[in-house]
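So this one's run_32.cif, mmCIF, C-alpha atoms and all ligand atoms:
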```cif
data_start
loop_
_atom_site.label_atom_id
_atom_site.label_comp_id
_atom_site.auth_asym_id
_atom_site.auth_seq_id
_atom_site.Cartn_x
_atom_site.Cartn_y
_atom_site.Cartn_z
CA MET A 19 0.00 0.00 0.00
CA LYS A 20 1.28 3.45 -0.88
CA ASN A 21 2.16 5.56 2.09
CA PHE A 22 1.34 9.22 1.58
CA THR A 23 3.71 11.04 3.90
CA ASP A 24 3.56 14.78 4.08
CA PHE A 25 5.88 15.49 1.17
CA GLN A 26 5.07 19.22 1.24
CA SER A 27 7.16 19.89 4.32
CA GLN A 28 10.27 18.06 3.12
CA LEU A 29 13.23 19.39 1.19
CA PRO A 30 13.73 17.73 -2.20
CA ILE A 31 16.65 15.38 -2.79
CA LEU A 32 16.53 16.05 -6.51
CA GLU A 33 15.81 19.42 -8.08
CA VAL A 34 15.63 19.63 -11.85
CA ASP A 35 15.39 23.15 -13.15
CA ARG A 36 14.75 24.20 -16.77
CA LEU A 37 16.54 21.14 -18.11
CA GLU A 38 17.16 20.99 -21.85
CA ALA A 39 18.82 17.99 -23.52
CA ALA A 40 19.51 17.97 -27.24
CA PHE A 41 20.78 15.78 -30.07
CA GLU A 42 22.71 16.90 -33.11
CA ILE A 43 20.91 15.96 -36.30
CA ASP A 44 22.29 17.06 -39.69
CA GLY A 45 24.47 19.70 -38.06
CA GLU A 46 21.71 21.24 -35.94
CA TRP A 47 20.88 20.73 -32.27
CA HIS A 48 17.30 19.77 -31.45
CA ASN A 49 15.86 19.56 -27.93
CA ALA A 50 14.53 16.13 -26.97
CA VAL A 51 13.94 17.38 -23.44
CA ASP A 52 12.72 20.92 -23.43
CA ASN A 53 12.75 23.17 -20.39
CA ILE A 54 11.53 20.73 -17.77
CA SER A 55 11.54 21.37 -14.02
CA PHE A 56 10.48 19.09 -11.18
CA HIS A 57 11.44 18.02 -7.68
CA VAL A 58 11.71 14.64 -6.03
CA LYS A 59 11.23 14.46 -2.27
CA PRO A 60 12.74 11.77 -0.02
CA LYS A 61 10.80 8.47 -0.28
CA GLN A 62 8.60 9.86 -3.02
CA VAL A 63 7.69 7.78 -6.06
CA ILE A 64 7.26 9.92 -9.16
CA GLY A 65 5.78 8.46 -12.30
CA VAL A 66 6.80 9.80 -15.69
CA VAL A 67 4.36 8.91 -18.44
CA GLY A 68 3.92 9.65 -22.10
CA GLU A 69 3.92 7.92 -25.46
CA SER A 70 6.96 6.48 -27.16
CA GLY A 71 9.41 9.19 -28.24
CA CYS A 72 8.21 11.87 -25.83
CA GLY A 73 11.58 12.13 -24.06
CA LYS A 74 11.26 9.93 -20.97
CA SER A 75 14.52 8.04 -21.51
CA VAL A 76 16.46 11.09 -22.65
CA MET A 77 15.33 12.85 -19.48
CA SER A 78 16.54 9.98 -17.28
CA LEU A 79 19.84 9.59 -19.16
CA SER A 80 20.39 13.33 -18.72
CA LEU A 81 19.93 13.05 -14.96
CA MET A 82 22.62 10.35 -14.90
CA GLN A 83 24.84 12.26 -17.39
CA LEU A 84 24.68 9.26 -19.70
CA LEU A 85 23.67 10.89 -22.98
CA PRO A 86 25.71 9.48 -25.90
CA LYS A 87 28.85 11.60 -26.12
CA GLY A 88 29.24 13.78 -29.19
CA ILE A 89 25.63 13.22 -30.33
CA GLY A 90 23.69 14.31 -27.26
CA LYS A 91 24.25 16.93 -24.58
CA ILE A 92 22.66 18.85 -21.76
CA ARG A 93 22.16 22.22 -23.29
CA ASN A 94 20.76 24.16 -20.40
CA GLY A 95 19.39 23.92 -16.89
CA GLU A 96 20.37 22.57 -13.51
CA ILE A 97 20.25 19.16 -11.84
CA LYS A 98 20.83 19.34 -8.10
CA PHE A 99 21.11 16.22 -5.94
CA ASN A 100 21.06 17.05 -2.23
CA GLY A 101 22.04 20.57 -3.18
CA ARG A 102 25.00 19.47 -5.35
CA HIS A 103 25.04 20.53 -9.01
CA LEU A 104 25.40 17.30 -11.01
CA GLU A 105 25.64 19.09 -14.36
CA LYS A 106 28.91 20.65 -13.19
CA LEU A 107 30.62 17.40 -12.15
CA ASN A 108 33.36 15.82 -14.24
CA GLU A 109 33.23 12.15 -15.29
CA LYS A 110 35.22 10.91 -12.29
CA GLU A 111 33.01 12.77 -9.81
CA MET A 112 29.86 11.65 -11.60
CA ASN A 113 31.04 8.02 -11.44
CA LYS A 114 30.96 8.29 -7.66
CA VAL A 115 27.37 9.52 -7.77
CA ARG A 116 26.16 6.79 -10.15
CA GLY A 117 25.21 3.66 -8.28
CA LYS A 118 25.99 5.14 -4.88
CA ASP A 119 23.59 8.13 -4.73
CA ILE A 120 21.47 7.58 -7.82
CA ALA A 121 21.06 4.26 -9.58
CA MET A 122 19.23 3.34 -12.74
CA ILE A 123 17.45 0.28 -14.06
CA PHE A 124 17.25 0.12 -17.83
CA GLN A 125 14.43 -1.13 -19.99
CA GLU A 126 16.21 -4.15 -21.45
CA PRO A 127 18.16 -6.06 -18.79
CA MET A 128 20.11 -8.16 -21.27
CA THR A 129 21.86 -5.11 -22.70
CA SER A 130 23.02 -3.96 -19.28
CA LEU A 131 24.39 -7.31 -18.10
CA ASN A 132 27.65 -8.48 -19.59
CA PRO A 133 27.15 -11.98 -21.07
CA VAL A 134 30.75 -13.09 -20.42
CA PHE A 135 30.81 -12.53 -16.65
CA THR A 136 28.88 -14.32 -13.91
CA ILE A 137 26.07 -12.60 -12.06
CA GLY A 138 28.19 -12.70 -8.90
CA PHE A 139 31.17 -11.06 -10.57
CA GLN A 140 29.05 -8.22 -11.96
CA LEU A 141 27.26 -7.54 -8.71
CA ALA A 142 30.51 -7.67 -6.74
CA GLU A 143 32.00 -5.17 -9.17
CA ALA A 144 29.16 -2.76 -8.38
CA LEU A 145 30.07 -3.07 -4.70
CA HIS A 146 33.84 -2.75 -5.22
CA ASN A 147 33.26 0.46 -7.22
CA HIS A 148 32.01 2.22 -4.13
CA PHE A 149 33.16 0.29 -1.08
CA ASP A 150 36.44 -1.02 0.23
CA ILE A 151 35.26 -4.56 0.74
CA SER A 152 37.02 -7.96 0.64
CA LYS A 153 36.20 -10.54 -2.05
CA GLN A 154 34.63 -12.84 0.53
CA ASP A 155 32.45 -10.12 2.03
CA ALA A 156 31.40 -9.00 -1.43
CA ARG A 157 30.30 -12.54 -2.31
CA ARG A 158 28.34 -12.82 0.92
CA LYS A 159 26.69 -9.47 0.26
CA VAL A 160 25.88 -10.46 -3.34
CA ILE A 161 24.15 -13.66 -2.19
CA HIS A 162 22.21 -11.63 0.36
CA LEU A 163 21.21 -9.11 -2.33
CA LEU A 164 20.02 -11.86 -4.69
CA ASP A 165 17.98 -13.32 -1.88
CA ARG A 166 16.54 -9.89 -1.12
CA VAL A 167 15.26 -9.41 -4.66
CA GLY A 168 13.49 -12.75 -4.49
CA ILE A 169 15.89 -15.02 -6.37
CA SER A 170 15.65 -18.56 -5.07
CA ARG A 171 18.87 -20.52 -4.54
CA PRO A 172 21.04 -17.38 -4.65
CA GLU A 173 24.18 -19.34 -3.74
CA LYS A 174 23.81 -21.17 -7.07
CA VAL A 175 22.70 -18.20 -9.20
CA VAL A 176 25.72 -16.18 -8.05
CA ASP A 177 27.95 -18.37 -10.26
CA GLU A 178 25.63 -18.41 -13.27
CA TYR A 179 25.79 -16.34 -16.45
CA PRO A 180 23.02 -13.94 -17.60
CA HIS A 181 21.82 -16.24 -20.41
CA GLN A 182 21.05 -18.96 -17.86
CA LEU A 183 18.37 -16.77 -16.26
CA SER A 184 14.82 -15.94 -17.34
CA GLY A 185 13.88 -12.36 -18.26
CA GLY A 186 12.22 -11.83 -14.88
CA MET A 187 15.27 -13.16 -13.01
CA ARG A 188 17.60 -10.94 -15.03
CA GLN A 189 15.48 -7.92 -14.17
CA ARG A 190 15.70 -8.93 -10.50
CA VAL A 191 19.49 -9.08 -10.86
CA MET A 192 19.42 -5.58 -12.37
CA ILE A 193 17.41 -4.38 -9.40
CA ALA A 194 19.89 -6.08 -7.03
CA MET A 195 22.69 -4.25 -8.83
CA ALA A 196 20.84 -0.96 -8.62
CA ILE A 197 20.18 -1.24 -4.89
CA ALA A 198 23.58 -2.79 -4.03
CA CYS A 199 24.96 0.50 -2.73
CA GLU A 200 21.65 1.63 -1.23
CA PRO A 201 21.08 4.68 -3.44
CA LYS A 202 18.72 7.35 -2.24
CA LEU A 203 17.20 7.70 -5.70
CA LEU A 204 16.40 4.97 -8.19
CA ILE A 205 15.51 5.78 -11.77
CA ALA A 206 13.60 2.88 -13.28
CA ASP A 207 13.11 3.26 -17.03
CA GLU A 208 10.28 0.93 -18.06
CA PRO A 209 11.55 -1.74 -15.65
CA THR A 210 8.84 -4.22 -16.55
CA THR A 211 8.07 -3.62 -20.22
CA ALA A 212 10.07 -6.59 -21.45
CA LEU A 213 8.38 -8.96 -18.99
CA ASP A 214 5.12 -10.88 -18.99
CA VAL A 215 2.22 -9.56 -16.93
CA THR A 216 2.62 -11.76 -13.84
CA VAL A 217 6.33 -11.07 -13.60
CA GLN A 218 5.62 -7.35 -14.15
CA ALA A 219 3.41 -7.29 -11.09
CA GLN A 220 6.03 -9.10 -8.99
CA ILE A 221 8.80 -6.70 -10.03
CA LEU A 222 6.65 -3.65 -9.25
CA GLU A 223 5.81 -5.10 -5.87
CA LEU A 224 9.49 -5.72 -5.23
CA LEU A 225 10.35 -2.12 -6.14
CA GLN A 226 7.71 -0.83 -3.75
CA GLU A 227 8.99 -3.09 -0.97
CA LEU A 228 12.57 -1.94 -1.47
CA GLN A 229 11.46 1.67 -1.67
CA THR A 230 9.94 1.45 1.80
CA ALA A 231 12.70 -0.68 3.32
CA ASN A 232 15.53 1.51 1.99
CA ASP A 233 13.74 4.88 2.27
CA MET A 234 14.47 5.36 -1.39
CA SER A 235 12.86 7.74 -3.86
CA ILE A 236 11.95 6.36 -7.26
CA ILE A 237 11.44 7.97 -10.64
CA LEU A 238 9.36 5.36 -12.42
CA ILE A 239 9.20 5.77 -16.16
CA THR A 240 6.42 3.95 -17.89
CA HIS A 241 3.83 4.38 -20.59
CA ASP A 242 1.39 2.46 -18.43
CA LEU A 243 -0.94 4.72 -16.44
CA GLY A 244 -2.35 1.70 -14.63
CA VAL A 245 1.10 1.08 -13.12
CA VAL A 246 1.32 4.73 -12.13
CA ALA A 247 -2.02 4.61 -10.33
CA GLU A 248 -0.83 1.60 -8.34
CA THR A 249 2.63 2.76 -7.39
CA CYS A 250 3.22 6.52 -7.62
CA HIS A 251 2.59 9.51 -5.36
CA GLU A 252 3.14 12.17 -8.01
CA VAL A 253 2.86 12.05 -11.80
CA ILE A 254 4.58 13.91 -14.60
CA VAL A 255 2.98 13.69 -18.04
CA MET A 256 5.42 14.34 -20.87
CA TYR A 257 4.70 15.18 -24.47
CA ALA A 258 7.28 16.06 -27.13
CA GLY A 259 10.02 16.65 -24.57
CA GLU A 260 7.94 18.88 -22.31
CA ILE A 261 5.99 18.43 -19.10
CA VAL A 262 2.38 19.09 -20.09
CA GLU A 263 0.76 18.18 -16.78
CA GLN A 264 1.97 17.42 -13.27
CA ALA A 265 -0.01 16.60 -10.15
CA ASP A 266 -0.31 14.21 -7.25
CA VAL A 267 -1.64 10.87 -8.39
CA ILE A 268 -5.16 11.29 -6.99
CA THR A 269 -5.66 14.73 -8.54
CA LEU A 270 -4.31 13.55 -11.87
CA PHE A 271 -6.64 10.59 -12.07
CA GLU A 272 -9.70 12.38 -10.67
CA CYS A 273 -9.24 15.61 -12.48
CA PRO A 274 -6.98 15.36 -15.53
CA LYS A 275 -6.88 18.67 -17.37
CA HIS A 276 -4.58 18.55 -20.34
CA PRO A 277 -6.33 17.11 -23.42
CA TYR A 278 -3.30 14.81 -23.90
CA THR A 279 -3.63 13.40 -20.37
CA GLU A 280 -7.37 12.93 -20.92
CA LEU A 281 -6.65 10.90 -24.04
CA LEU A 282 -3.96 8.85 -22.27
CA MET A 283 -6.49 8.07 -19.55
CA LYS A 284 -8.97 6.86 -22.14
CA SER A 285 -6.40 4.46 -23.48
CA ILE A 286 -6.10 2.53 -20.18
CA PRO A 287 -7.75 -0.90 -20.51
CA ARG A 288 -10.61 -1.21 -18.03
CA MET A 289 -11.45 -4.39 -16.15
CA ASP A 290 -15.16 -3.58 -16.15
CA GLN A 291 -15.41 -3.45 -19.91
CA GLU A 292 -16.12 -6.68 -21.66
CA GLU A 293 -14.37 -5.74 -24.81
CA GLU A 294 -11.15 -3.91 -24.64
CA VAL A 295 -12.06 -0.63 -26.29
CA LEU A 296 -8.85 1.28 -26.38
CA ALA A 297 -9.02 4.82 -27.61
CA SER A 298 -5.75 5.44 -29.34
CA ILE A 299 -4.53 8.95 -29.87
CA LYS A 300 -4.51 9.77 -33.57
CA GLY A 301 -1.17 10.72 -35.09
CA ILE A 302 2.32 10.47 -33.65
CA VAL A 303 4.70 12.46 -31.47
CA PRO A 304 6.52 14.88 -33.84
CA SER A 305 10.14 13.96 -34.56
CA LEU A 306 12.84 16.26 -33.20
CA LYS A 307 13.37 17.86 -36.62
CA ASN A 308 9.67 18.51 -37.12
CA MET A 309 8.91 19.96 -33.73
CA PRO A 310 6.69 23.07 -33.94
CA ARG A 311 8.71 26.08 -32.75
CA THR A 312 5.82 28.19 -31.55
CA GLY A 313 2.48 27.29 -30.09
CA CYS A 314 1.51 24.02 -28.46
CA LYS A 315 3.35 20.91 -29.67
CA PHE A 316 0.21 18.80 -29.29
CA VAL A 317 -1.92 21.07 -31.48
CA ASP A 318 -2.16 18.79 -34.53
CA ARG A 319 -3.52 15.90 -32.45
CA CYS A 320 -5.59 17.83 -29.95
CA PRO A 321 -9.39 17.49 -30.12
CA LYS A 322 -9.76 20.81 -28.29
CA ALA A 323 -7.26 22.81 -30.34
CA MET A 324 -8.08 26.45 -31.06
CA GLU A 325 -6.53 28.65 -33.73
CA GLU A 326 -4.47 30.47 -31.08
CA CYS A 327 -2.83 27.21 -30.01
CA ARG A 328 -0.65 27.43 -33.13
CA THR A 329 0.75 30.84 -32.35
CA ILE A 330 0.75 31.22 -28.57
CA THR A 331 3.09 28.90 -26.65
CA PRO A 332 1.38 27.76 -23.45
CA GLN A 333 3.21 27.90 -20.11
CA LEU A 334 3.08 25.27 -17.37
CA GLU A 335 0.83 27.07 -14.90
CA GLU A 336 -0.62 25.94 -11.59
CA SER A 337 -4.34 25.43 -12.07
CA SER A 338 -4.61 24.56 -8.37
CA PRO A 339 -1.83 24.19 -5.76
CA GLY A 340 0.59 21.53 -6.97
CA HIS A 341 -1.35 20.86 -10.19
CA GLY A 342 0.47 22.22 -13.23
CA VAL A 343 -1.03 22.26 -16.73
CA LYS A 344 0.55 23.50 -19.94
CA CYS A 345 -2.48 24.35 -22.05
CA LEU A 346 -4.01 27.63 -23.18
CA LEU A 347 -7.42 26.42 -22.00
CA TYR A 348 -6.17 26.73 -18.42
CA GLU A 349 -3.87 29.72 -18.67
CA SER A 350 -5.01 32.56 -16.46
CA SER A 351 -3.53 35.44 -18.52
CA TRP A 352 -4.97 33.91 -21.67
CA GLU A 353 -8.37 33.48 -20.04
CA GLN A 354 -8.28 37.14 -19.03
CA GLU A 355 -7.17 38.21 -22.51
CA GLY A 356 -9.97 36.09 -23.95
CA MET A 357 -12.46 37.71 -21.61
CA LYS A 358 -11.25 41.16 -22.62
CA ALA A 359 -11.67 40.32 -26.29
CA LYS A 360 -15.28 39.26 -25.76
N1 LIG A 401 20.73 8.85 -29.76
C1 LIG A 401 19.76 9.61 -30.28
N2 LIG A 401 20.01 10.37 -31.40
C2 LIG A 401 19.05 11.17 -31.93
N3 LIG A 401 17.79 11.28 -31.43
C3 LIG A 401 17.50 10.54 -30.34
C4 LIG A 401 18.45 9.67 -29.71
N4 LIG A 401 17.85 9.07 -28.64
C5 LIG A 401 16.60 9.55 -28.61
N5 LIG A 401 16.38 10.43 -29.62
C6 LIG A 401 15.13 11.15 -29.91
O1 LIG A 401 14.73 11.84 -28.72
C7 LIG A 401 13.30 11.80 -28.60
C8 LIG A 401 12.94 11.24 -27.24
O2 LIG A 401 13.31 9.87 -27.20
P1 LIG A 401 13.21 8.96 -25.89
O3 LIG A 401 14.02 7.76 -26.15
O4 LIG A 401 13.56 9.77 -24.70
O5 LIG A 401 11.66 8.62 -25.85
P2 LIG A 401 10.88 7.74 -24.76
O6 LIG A 401 9.81 8.63 -24.21
O7 LIG A 401 11.84 7.16 -23.81
O8 LIG A 401 10.19 6.64 -25.67
P3 LIG A 401 9.92 5.05 -25.36
O9 LIG A 401 8.61 5.02 -24.60
O10 LIG A 401 9.80 4.45 -26.72
O11 LIG A 401 11.07 4.49 -24.58
C9 LIG A 401 12.77 10.99 -29.77
O12 LIG A 401 12.37 11.88 -30.78
C10 LIG A 401 13.98 10.19 -30.21
O13 LIG A 401 13.94 9.90 -31.58
MG MG A 402 12.39 5.18 -23.38
#
```
Would it be possible to restate this file's structure as structure tokens?
Amino acid sequence: MKNFTDFQSQLPILEVDRLEAAFEIDGEWHNAVDNISFHVKPKQVIGVVGESGCGKSVMSLSLMQLLPKGIGKIRNGEIKFNGRHLEKLNEKEMNKVRGKDIAMIFQEPMTSLNPVFTIGFQLAEALHNHFDISKQDARRKVIHLLDRVGISRPEKVVDEYPHQLSGGMRQRVMIAMAIACEPKLLIADEPTTALDVTVQAQILELLQELQTANDMSIILITHDLGVVAETCHEVIVMYAGEIVEQADVITLFECPKHPYTELLMKSIPRMDQEEEVLASIKGIVPSLKNMPRTGCKFVDRCPKAMEECRTITPQLEESSPGHGVKCLLYESSWEQEGMKAK
């Protein structure tokens, strides 16, 4: 069960301010993450949702300073972890932060595990990177970690290779690796997408358990709003590299405001419907090169679009305390202007 502590009164551990991350395409830089700001409080689980290509992974790679060198870069903005500016750290300093303070679980576990080394070797390496620990102690700790993430017969699995494990087991190993150094923030990028439904539920349950036991915050990236409803305190809805709506999970589900969020909600399969009638959102997220420069980036797909949406760029404004919406329909100055015009 989610525990709603009073997050309001706590200082954030992560503060992201006006972050822009870009890729170079045909000699020009294009923002894949565009001016996003948000906070993560201790023990808070933040869901990041949005369709494929809306910038969820680029955002998380930016936080970890793992954008592909030469092709991608942080162009602007600040990332502060416990008050420390991560965007100013060099590679050596950032290496100390990765794994120890902030850890990440990637979408496809097979690409993050090295096929030529045993599970035990790879987990021990994660420990040796940050702690002065003997080989024997590391092995003991690895077995304990495997046990903690629900792997049966950990003393056997420790000497096995990644290909000997099922997808669900490999994802558990990735989680063990991520929590090995007890990070205060875990970024989980679609941690269950590659898994079947039953295993998905088990992994999410495990993440929640570890979150409570380790007092860890989680940024959970997913395109599954059902998962968000189950696991998150706060939700960020991304579209075309921007945050278009942000609210606590109850407000977002009870009172979604942005037309994009409304459509995402309609695309959640419902248990009470006999046939799965999934409303899909017509069209696709614009590619980086075809991103509209002014106006709302969702305009071409929005059922509520007005002429002005093409020319006036909406701002993320609070429509009620803690509920931000980036849509002209909810913009106070625009509403007033509209009233004046009438
Ligand atoms: N290495 C890269 N070079 C150029 N463009 C990239 C690169 N990686 C991502 N992009 C572009 O950045 C945008 C955001 O991509 P991103 O991978 O963050 O989407 P996502 O929300 O994680 O999608 P998914 O749900 O499919 O994982 C997309 O337009 C994508 O094509
Ligand atoms: Mg992604």
Practice problem: Kindly indicate which residue among A:Met324, A:Ile89, A:Ile239, A:Ala198 lies nearest to Val63 (chain A), using all atoms listed in the file for the distances. | Solution: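 Residue with the minimum atom-to-atom distance to Val63 (chain A): A:Ile239.
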Exercise. Find, counting all atoms listed in the file, the residue in A:Ser285, A:Ser338, A:Gln28, A:Ser75 that gets nearest to ligand LIG 401 (chain A).
Key: A:Ser75
Using all atoms listed in the file, which protein or nucleic acid residues are at most 9 Å from ligand MG 402 (chain A), as an mmCIF file with C-alpha atoms, keeping the file's coordinate frame?
```cif
data_model
loop_
_atom_site.group_PDB
_atom_site.id
_atom_site.type_symbol
_atom_site.label_atom_id
_atom_site.label_comp_id
_atom_site.auth_asym_id
_atom_site.auth_seq_id
_atom_site.Cartn_x
_atom_site.Cartn_y
_atom_site.Cartn_z
ATOM 1 C CA SER A 70 6.960 6.480 -27.160
ATOM 2 C CA GLY A 71 9.410 9.190 -28.240
ATOM 3 C CA CYS A 72 8.210 11.870 -25.830
ATOM 4 C CA GLY A 73 11.580 12.130 -24.060
ATOM 5 C CA LYS A 74 11.260 9.930 -20.970
ATOM 6 C CA SER A 75 14.520 8.040 -21.510
ATOM 7 C CA VAL A 76 16.460 11.090 -22.650
ATOM 8 C CA SER A 78 16.540 9.980 -17.280
ATOM 9 C CA PHE A 124 17.250 0.120 -17.830
ATOM 10 C CA GLN A 125 14.430 -1.130 -19.990
ATOM 11 C CA ASP A 207 13.110 3.260 -17.030
ATOM 12 C CA GLU A 208 10.280 0.930 -18.060
ATOM 13 C CA ILE A 239 9.200 5.770 -16.160
ATOM 14 C CA THR A 240 6.420 3.950 -17.890
#
```
Please identify every residue of chain A that has at least one atom no farther than 10 Å from an atom of ligand LIG 401 (chain A), counting only C-alpha atoms and all ligand atoms, and for each give the shortest atom pair and the distance in Å to one decimal, arranged by chain then increasing number, as a Markdown table.
```
| residue | atom | partner | partner_atom | distance |
| --- | --- | --- | --- | --- |
| A:Ala39 | CA | A:LIG401 | O1 | 9.0 |
| A:Ala40 | CA | A:LIG401 | O1 | 7.9 |
| A:Phe41 | CA | A:LIG401 | C2 | 5.3 |
| A:Glu42 | CA | A:LIG401 | C2 | 6.9 |
| A:Ile43 | CA | A:LIG401 | C2 | 6.7 |
| A:Trp47 | CA | A:LIG401 | C2 | 9.7 |
| A:His48 | CA | A:LIG401 | N3 | 8.5 |
| A:Asn49 | CA | A:LIG401 | O1 | 7.8 |
| A:Ala50 | CA | A:LIG401 | O1 | 4.6 |
| A:Val51 | CA | A:LIG401 | C8 | 7.3 |
| A:Val66 | CA | A:LIG401 | O6 | 9.1 |
| A:Val67 | CA | A:LIG401 | O6 | 7.9 |
| A:Gly68 | CA | A:LIG401 | O6 | 6.3 |
| A:Glu69 | CA | A:LIG401 | O9 | 5.6 |
| A:Ser70 | CA | A:LIG401 | O9 | 3.4 |
| A:Gly71 | CA | A:LIG401 | O5 | 3.3 |
| A:Cys72 | CA | A:LIG401 | O6 | 4.0 |
| A:Gly73 | CA | A:LIG401 | O4 | 3.1 |
| A:Lys74 | CA | A:LIG401 | O6 | 3.8 |
| A:Ser75 | CA | A:LIG401 | O7 | 3.6 |
| A:Val76 | CA | A:LIG401 | O4 | 3.8 |
| A:Met77 | CA | A:LIG401 | O4 | 6.3 |
| A:Ser78 | CA | A:LIG401 | O4 | 8.0 |
| A:Leu79 | CA | A:LIG401 | O4 | 8.4 |
| A:Ser80 | CA | A:LIG401 | O4 | 9.8 |
| A:Leu85 | CA | A:LIG401 | N1 | 7.7 |
| A:Pro86 | CA | A:LIG401 | N1 | 6.3 |
| A:Lys87 | CA | A:LIG401 | N1 | 9.3 |
| A:Gly88 | CA | A:LIG401 | N1 | 9.9 |
| A:Ile89 | CA | A:LIG401 | N2 | 6.4 |
| A:Gly90 | CA | A:LIG401 | N1 | 6.7 |
| A:Gln125 | CA | A:LIG401 | O11 | 8.0 |
| A:Asp207 | CA | A:LIG401 | O11 | 7.9 |
| A:Glu208 | CA | A:LIG401 | O11 | 7.5 |
| A:Thr211 | CA | A:LIG401 | O11 | 9.7 |
| A:Ile239 | CA | A:LIG401 | O7 | 8.2 |
| A:Thr240 | CA | A:LIG401 | O9 | 7.1 |
| A:His241 | CA | A:LIG401 | O9 | 6.3 |
| A:Asp242 | CA | A:LIG401 | O9 | 9.8 |
| A:Met256 | CA | A:LIG401 | O6 | 7.9 |
| A:Tyr257 | CA | A:LIG401 | O6 | 8.3 |
| A:Ala258 | CA | A:LIG401 | C8 | 7.4 |
| A:Gly259 | CA | A:LIG401 | C8 | 6.7 |
| A:Val303 | CA | A:LIG401 | O12 | 7.7 |
| A:Pro304 | CA | A:LIG401 | O12 | 7.3 |
| A:Ser305 | CA | A:LIG401 | O12 | 4.9 |
| A:Leu306 | CA | A:LIG401 | O12 | 5.0 |
| A:Lys307 | CA | A:LIG401 | O12 | 8.4 |
| A:Asn308 | CA | A:LIG401 | O12 | 9.6 |
| A:Met309 | CA | A:LIG401 | O12 | 9.3 |
```
Quiz prompt | Atom-to-atom span, CA of Asp165 (chain A) and CA of Ile64 (chain A), Å | solution =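 About the pair CA of Asp165 (chain A) and CA of Ile64 (chain A): they are 26.6 Å apart.
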Quiz prompt | Among listed residues A:Thr216, A:Asn113, A:Ser130, A:Asn232, nearest Arg166 (chain A) (using all atoms listed in the file) | solution = A:Asn232
Practice problem: Can you pull out every residue within 12 Å of Glu105 (chain A), counting all atoms listed in the file, but drop anything in the same chain fewer than 6 positions away, and send it as an MDAnalysis selection string? | Solution: chainID A and resid 33:35 37:39 80:84 91:99 111:112 115
Dump of C-alpha atoms for the selected residues, as a PDB file, in the coordinates of the input:
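Saved the output as out.pdb:
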```
ATOM      1  CA  GLU A  33      15.810  19.420  -8.080  1.00  0.00           C
ATOM      2  CA  VAL A  34      15.630  19.630 -11.850  1.00  0.00           C
ATOM      3  CA  ASP A  35      15.390  23.150 -13.150  1.00  0.00           C
ATOM      4  CA  LEU A  37      16.540  21.140 -18.110  1.00  0.00           C
ATOM      5  CA  GLU A  38      17.160  20.990 -21.850  1.00  0.00           C
ATOM      6  CA  ALA A  39      18.820  17.990 -23.520  1.00  0.00           C
ATOM      7  CA  SER A  80      20.390  13.330 -18.720  1.00  0.00           C
ATOM      8  CA  LEU A  81      19.930  13.050 -14.960  1.00  0.00           C
ATOM      9  CA  MET A  82      22.620  10.350 -14.900  1.00  0.00           C
ATOM     10  CA  GLN A  83      24.840  12.260 -17.390  1.00  0.00           C
ATOM     11  CA  LEU A  84      24.680   9.260 -19.700  1.00  0.00           C
ATOM     12  CA  LYS A  91      24.250  16.930 -24.580  1.00  0.00           C
ATOM     13  CA  ILE A  92      22.660  18.850 -21.760  1.00  0.00           C
ATOM     14  CA  ARG A  93      22.160  22.220 -23.290  1.00  0.00           C
ATOM     15  CA  ASN A  94      20.760  24.160 -20.400  1.00  0.00           C
ATOM     16  CA  GLY A  95      19.390  23.920 -16.890  1.00  0.00           C
ATOM     17  CA  GLU A  96      20.370  22.570 -13.510  1.00  0.00           C
ATOM     18  CA  ILE A  97      20.250  19.160 -11.840  1.00  0.00           C
ATOM     19  CA  LYS A  98      20.830  19.340  -8.100  1.00  0.00           C
ATOM     20  CA  PHE A  99      21.110  16.220  -5.940  1.00  0.00           C
ATOM     21  CA  GLU A 111      33.010  12.770  -9.810  1.00  0.00           C
ATOM     22  CA  MET A 112      29.860  11.650 -11.600  1.00  0.00           C
ATOM     23  CA  VAL A 115      27.370   9.520  -7.770  1.00  0.00           C
TER      24      VAL A 115
END
```
Quiz item: Near region 141-144 of chain A, within 10 Å and counting all atoms listed in the file, which residues show up once chain neighbours fewer than 5 positions away are dropped, as a list in words?
Solution: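 Near region 141-144 of chain A, the qualifying residues are Gly117, Lys118, Leu131, Thr136, Phe149, Ile151, Ser152, Lys153, Gln154, Asp155, Ala156, Arg157, Arg158, Lys159, Val160, Ile161, Leu163, Leu164, Val176, Val191, Met192, Ala194, Met195, Ala196, Ile197, Ala198 and Cys199 of chain A.
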